[in-house]
2 protein chains.
Amino acid sequence: MPAHYLRESDKLKKQILTLCAIVEENVQRAVMSIEKRDEDLAKKVISGDQEIDKREIEVEEECLKILALYQPVATDLRFIVAVMKMNNDLERIGDLAVNIAERSIFLSTQNKIDLLLDFPQMVEKTRTMLKNCLDALINMDARLAYSVLAADNEVDKLNGEMYDIVEKEIKKAPERIKVLINLLSASRHLERIADHATNIAEDVIYLIEGRIVRHKTEEFEEKRHSN
Amino acid sequence: MPAHYLRESDKLKKQILTLCAIVEENVQRAVMSIEKRDEDLAKKVISGDQEIDKREIEVEEECLKILALYQPVATDLRFIVAVMKMNNDLERIGDLAVNIAERSIFLSTQNKIDLLLDFPQMVEKTRTMLKNCLDALINMDARLAYSVLAADNEVDKLNGEMYDIVEKEIKKAPERIKVLINLLSASRHLERIADHATNIAEDVIYLIEGRIVRHKTEEFEEKRHSN
């Protein structure tokens with residue numbers, strides 16, 4: 001590939017990493033706004049989403065430009081396609097951060113509720129998944145990407161537990177249903193963020209190994225244990 | 001473009017249309033299984049998802065093959081990229097049909113609940129959105145694609161109303177919470193299906209008009225009224 005191509009693909013790599021960092025920060029702020037009952041922080045998450053949307057379009061346009069101008073094949077083609085898909089997932093993670101922030105604005109107006117659920121643990125696991133799929137991309141580390149796939153099951157489990165706890169609490173105090181359902185929504189949004197991080201990890205694996213691993217859970221597991 | 005390319009892109013078009021038809025049918029079955037409390041039908045939806053996953057991978061591989069072999073540019077490149085994105089959305093719609101079927105299996109074991117909500121209307125609107133984005137693709141009809149964007153707001157509104165009704169019902173009968181929350185989940189999954197149909201419509205518009213319309217709601221509205 002010519003030097004021009006290398007410059008363009010380098011630029012694209014920087015763009016997607018910057019987008020990833022901005023999205024990660026917005027997720028972190030959204031979650032923190034719930035923990036700290038901070039309405040202003042939640043509003044920042046919502047207004048910050050415009051920047052994410054703008055950058056998503058820029059990344060897509062850059063991908064199309066590279067495809068049209070340099071007509072990459074093999075690994076280079078896979079890289080562009082993987083970036084296009086990650087870009088899509090990152091934008092949706094951004095939307096989910098906005099959804100969490102919306103729940104947070106409602107929750108900040110209500111009395112604090114103490115549940116026995118492990119919301120901070122779920123937050124932490126999701127955040128780690130996001131960070132790891134970014135690092136897996138930067139370092140082309142398939143092993144780290146496989147670890148993201150494994151972590152998704154744990155987040156799903158925590159979300160299921162959250163549901164059980166909320167159900168019990170609503171039975172005990174039906175008048176608190178609005179707060180409880182808003183908390184459950186936030187948990188579900190986090191779980192979907194973890195799903196998108198899993199998609200990104202799958203794209204990284206595809207990029208490195210050239211094989212499509214989604215829909216093949218058993219194979220993931222084998223691979224993970226053998227790594 | 002050479003005759004080979006036309007054959008390949010024709011094959012790809014057929015593949016994506018077939019996938020769309022299968023996904024549409026699975027959504028329809030999932031919803032019908034709730035209405036008819038038909039556990040067997042719900043199980044068919046779940047087992048049918050393997051076929052969708054398989055076809056999604058085939059479409060993606062066909063896209064990559066075309067990109068690598070024919071290095072299309074301009075409209076041809078946009079077509080391949082749009083198909084790749086639609087393919088992704090269709091696969092996720094398939095997953096949501098499975099989620100609805102899972103709710104349905106639980107609901108079929110419970111006493112029927114009659115709510116004042118307009119679930120059938122929501123189902124019908126979502127189904128129309130799915131059908132219209134497929135037709136918009138076949139006939140390259142941007143106007144129809146814009147109508148899908150407009151319909152999404154209505155589905156969002158119906159989902160919001162569903163939430164209010166469920167909240168009231170839970171307050172009245174907290175012991176029915178499990179059934180009610182399962183119904184609410186089904187409604188939310190439908191709303192997400194409508195979101196994916198919207199994404200597909202945006203891809204069709206991108207394909208026809210060569211411009212990215214997402215994140216530009218006001219512009220959609222102007223365009224819709226001027227069409």
# chains A, B, ... in the order shown; residues from 1 in each chain; ligands from 1
>>> closest_atom_pairs(of="chain B", to="chain A", cutoff="10 Å", atoms="only C-alpha atoms", output="Markdown table")
| residue | atom | partner | partner_atom | distance |
| --- | --- | --- | --- | --- |
| B:Gln50 | CA | A:His215 | CA | 8.4 |
| B:Asp53 | CA | A:His215 | CA | 6.8 |
| B:Lys54 | CA | A:His215 | CA | 8.5 |
| B:Ile57 | CA | A:Ile212 | CA | 7.6 |
| B:Glu60 | CA | A:Ile212 | CA | 9.5 |
| B:Glu61 | CA | A:Ile212 | CA | 9.2 |
| B:Leu64 | CA | A:Leu77 | CA | 8.0 |
| B:Lys65 | CA | A:Val73 | CA | 9.5 |
| B:Leu67 | CA | A:Val73 | CA | 7.8 |
| B:Ala68 | CA | A:Val73 | CA | 5.1 |
| B:Leu69 | CA | A:Val73 | CA | 8.2 |
| B:Tyr70 | CA | A:Gln71 | CA | 9.0 |
| B:Gln71 | CA | A:Gln71 | CA | 5.5 |
| B:Pro72 | CA | A:Ala68 | CA | 7.3 |
| B:Val73 | CA | A:Ala68 | CA | 5.1 |
| B:Ala74 | CA | A:Ala68 | CA | 7.2 |
| B:Leu77 | CA | A:Ala68 | CA | 7.4 |
| B:Arg78 | CA | A:Leu64 | CA | 8.1 |
| B:Val81 | CA | A:Leu64 | CA | 8.5 |
| B:Met84 | CA | A:Lys85 | CA | 9.1 |
| B:Lys85 | CA | A:Lys85 | CA | 8.0 |
| B:Asn88 | CA | A:Lys85 | CA | 8.8 |
| B:Tyr163 | CA | A:Ile181 | CA | 9.8 |
| B:Asp164 | CA | A:Lys178 | CA | 9.7 |
| B:Glu167 | CA | A:Ile177 | CA | 7.2 |
| B:Lys168 | CA | A:Ile177 | CA | 9.5 |
| B:Ile170 | CA | A:Pro174 | CA | 7.2 |
| B:Lys171 | CA | A:Pro174 | CA | 5.6 |
| B:Lys172 | CA | A:Pro174 | CA | 8.7 |
| B:Ala173 | CA | A:Pro174 | CA | 9.0 |
| B:Pro174 | CA | A:Lys171 | CA | 5.6 |
| B:Glu175 | CA | A:Lys171 | CA | 6.9 |
| B:Arg176 | CA | A:Lys171 | CA | 9.4 |
| B:Ile177 | CA | A:Glu167 | CA | 7.2 |
| B:Lys178 | CA | A:Glu167 | CA | 7.5 |
| B:Ile181 | CA | A:Glu167 | CA | 9.0 |
| B:Ile212 | CA | A:Ile57 | CA | 7.6 |
| B:Val213 | CA | A:Ile57 | CA | 9.8 |
| B:Arg214 | CA | A:Asp53 | CA | 8.7 |
| B:His215 | CA | A:Asp53 | CA | 6.7 |
| B:Lys216 | CA | A:Asp53 | CA | 9.8 |
>>> residues_around(residues="B:Cys133", least_positions_apart="3", cutoff="8 Å", atoms="only C-alpha atoms", output="PDB file with all heavy atoms, in the first residue's frame")
ATOM      1  N   MET B 129     -43.335  -0.841   9.615  1.00  0.00           N
ATOM      2  CA  MET B 129     -42.013  -0.212   9.452  1.00  0.00           C
ATOM      3  C   MET B 129     -41.025  -1.186   8.817  1.00  0.00           C
ATOM      4  O   MET B 129     -40.265  -0.835   7.914  1.00  0.00           O
ATOM      5  CB  MET B 129     -41.469   0.240  10.804  1.00  0.00           C
ATOM      6  CG  MET B 129     -42.116   1.512  11.326  1.00  0.00           C
ATOM      7  SD  MET B 129     -41.575   1.890  13.026  1.00  0.00           S
ATOM      8  CE  MET B 129     -39.881   2.440  12.726  1.00  0.00           C
ATOM      9  N   LEU B 130     -41.054  -2.427   9.323  1.00  0.00           N
ATOM     10  CA  LEU B 130     -40.138  -3.441   8.791  1.00  0.00           C
ATOM     11  C   LEU B 130     -40.427  -3.695   7.309  1.00  0.00           C
ATOM     12  O   LEU B 130     -39.519  -3.734   6.472  1.00  0.00           O
ATOM     13  CB  LEU B 130     -40.332  -4.757   9.540  1.00  0.00           C
ATOM     14  CG  LEU B 130     -39.308  -5.142  10.576  1.00  0.00           C
ATOM     15  CD1 LEU B 130     -39.646  -6.481  11.183  1.00  0.00           C
ATOM     16  CD2 LEU B 130     -37.899  -5.201   9.971  1.00  0.00           C
ATOM     17  N   ALA B 136     -38.713  -0.187   0.525  1.00  0.00           N
ATOM     18  CA  ALA B 136     -37.927   0.989   0.140  1.00  0.00           C
ATOM     19  C   ALA B 136     -36.615   0.553  -0.507  1.00  0.00           C
ATOM     20  O   ALA B 136     -36.155   1.146  -1.481  1.00  0.00           O
ATOM     21  CB  ALA B 136     -37.649   1.860   1.363  1.00  0.00           C
ATOM     22  N   LEU B 137     -36.042  -0.528   0.032  1.00  0.00           N
ATOM     23  CA  LEU B 137     -34.794  -1.047  -0.541  1.00  0.00           C
ATOM     24  C   LEU B 137     -35.031  -1.645  -1.931  1.00  0.00           C
ATOM     25  O   LEU B 137     -34.314  -1.317  -2.887  1.00  0.00           O
ATOM     26  CB  LEU B 137     -34.198  -2.100   0.394  1.00  0.00           C
ATOM     27  CG  LEU B 137     -32.973  -2.852  -0.134  1.00  0.00           C
ATOM     28  CD1 LEU B 137     -31.782  -1.913  -0.280  1.00  0.00           C
ATOM     29  CD2 LEU B 137     -32.596  -4.010   0.784  1.00  0.00           C
ATOM     30  N   LEU B 144     -40.563   6.364   0.866  1.00  0.00           N
ATOM     31  CA  LEU B 144     -41.035   5.311   1.774  1.00  0.00           C
ATOM     32  C   LEU B 144     -40.075   5.186   2.965  1.00  0.00           C
ATOM     33  O   LEU B 144     -40.503   5.015   4.110  1.00  0.00           O
ATOM     34  CB  LEU B 144     -41.124   3.991   1.003  1.00  0.00           C
ATOM     35  CG  LEU B 144     -41.923   2.860   1.652  1.00  0.00           C
ATOM     36  CD1 LEU B 144     -43.348   3.285   1.931  1.00  0.00           C
ATOM     37  CD2 LEU B 144     -41.927   1.614   0.755  1.00  0.00           C
ATOM     38  N   ALA B 145     -38.784   5.300   2.674  1.00  0.00           N
ATOM     39  CA  ALA B 145     -37.796   5.222   3.764  1.00  0.00           C
ATOM     40  C   ALA B 145     -38.006   6.362   4.759  1.00  0.00           C
ATOM     41  O   ALA B 145     -37.945   6.152   5.974  1.00  0.00           O
ATOM     42  CB  ALA B 145     -36.382   5.252   3.192  1.00  0.00           C
ATOM     43  N   VAL B 148     -40.696   5.641   7.235  1.00  0.00           N
ATOM     44  CA  VAL B 148     -40.278   4.756   8.339  1.00  0.00           C
ATOM     45  C   VAL B 148     -39.714   5.601   9.495  1.00  0.00           C
ATOM     46  O   VAL B 148     -40.016   5.358  10.660  1.00  0.00           O
ATOM     47  CB  VAL B 148     -39.239   3.718   7.852  1.00  0.00           C
ATOM     48  CG1 VAL B 148     -38.700   2.907   9.017  1.00  0.00           C
ATOM     49  CG2 VAL B 148     -39.855   2.800   6.801  1.00  0.00           C
ATOM     50  N   ALA B 197     -35.349  -0.869  12.438  1.00  0.00           N
ATOM     51  CA  ALA B 197     -35.986  -0.612  11.133  1.00  0.00           C
ATOM     52  C   ALA B 197     -35.660   0.817  10.681  1.00  0.00           C
ATOM     53  O   ALA B 197     -35.420   1.078   9.501  1.00  0.00           O
ATOM     54  CB  ALA B 197     -37.490  -0.830  11.221  1.00  0.00           C
ATOM     55  N   THR B 198     -35.616   1.728  11.662  1.00  0.00           N
ATOM     56  CA  THR B 198     -35.252   3.116  11.358  1.00  0.00           C
ATOM     57  C   THR B 198     -33.820   3.194  10.833  1.00  0.00           C
ATOM     58  O   THR B 198     -33.540   3.893   9.849  1.00  0.00           O
ATOM     59  CB  THR B 198     -35.398   3.982  12.636  1.00  0.00           C
ATOM     60  OG1 THR B 198     -36.736   3.845  13.091  1.00  0.00           O
ATOM     61  CG2 THR B 198     -35.102   5.442  12.352  1.00  0.00           C
ATOM     62  N   ILE B 200     -32.261   0.903   9.256  1.00  0.00           N
ATOM     63  CA  ILE B 200     -32.251   0.366   7.890  1.00  0.00           C
ATOM     64  C   ILE B 200     -32.775   1.422   6.916  1.00  0.00           C
ATOM     65  O   ILE B 200     -32.200   1.633   5.840  1.00  0.00           O
ATOM     66  CB  ILE B 200     -33.086  -0.937   7.814  1.00  0.00           C
ATOM     67  CG1 ILE B 200     -32.407  -2.038   8.654  1.00  0.00           C
ATOM     68  CG2 ILE B 200     -33.256  -1.390   6.361  1.00  0.00           C
ATOM     69  CD1 ILE B 200     -33.194  -3.337   8.751  1.00  0.00           C
ATOM     70  N   ALA B 201     -33.842   2.102   7.313  1.00  0.00           N
ATOM     71  CA  ALA B 201     -34.396   3.153   6.443  1.00  0.00           C
ATOM     72  C   ALA B 201     -33.343   4.232   6.192  1.00  0.00           C
ATOM     73  O   ALA B 201     -33.199   4.736   5.069  1.00  0.00           O
ATOM     74  CB  ALA B 201     -35.645   3.753   7.073  1.00  0.00           C
ATOM     75  N   VAL B 204     -31.040   3.016   3.609  1.00  0.00           N
ATOM     76  CA  VAL B 204     -31.628   3.082   2.268  1.00  0.00           C
ATOM     77  C   VAL B 204     -31.530   4.513   1.729  1.00  0.00           C
ATOM     78  O   VAL B 204     -31.163   4.743   0.578  1.00  0.00           O
ATOM     79  CB  VAL B 204     -33.098   2.597   2.269  1.00  0.00           C
ATOM     80  CG1 VAL B 204     -33.764   2.858   0.931  1.00  0.00           C
ATOM     81  CG2 VAL B 204     -33.172   1.101   2.609  1.00  0.00           C
TER      82      VAL B 204
END
>>> residues_around(residues="B:Ser47", least_positions_apart="3", cutoff="12 Å", atoms="only C-alpha atoms", output="VMD selection string")
chain B and resid 26 30 40 to 44 50 to 53 94 to 95 97 to 98 101 to 102
>>> atom_distance(atom1="atom CA of B:Asn182", atom2="atom CA of B:Asp152")
22.2 Å
>>> closest_residue(among="B:Arg103, B:Arg127, B:Arg55, B:Arg92", to="B:Leu180", atoms="only C-alpha atoms")
B:Arg103
>>> atom_distance(atom1="atom CA of B:Ser147", atom2="atom CA of B:Ile205")
11.1 Å
>>> closest_residue(among="B:Leu96, B:Ala194, B:Ile105, B:Leu90", to="B:Ala21", atoms="only C-alpha atoms")
B:Leu90
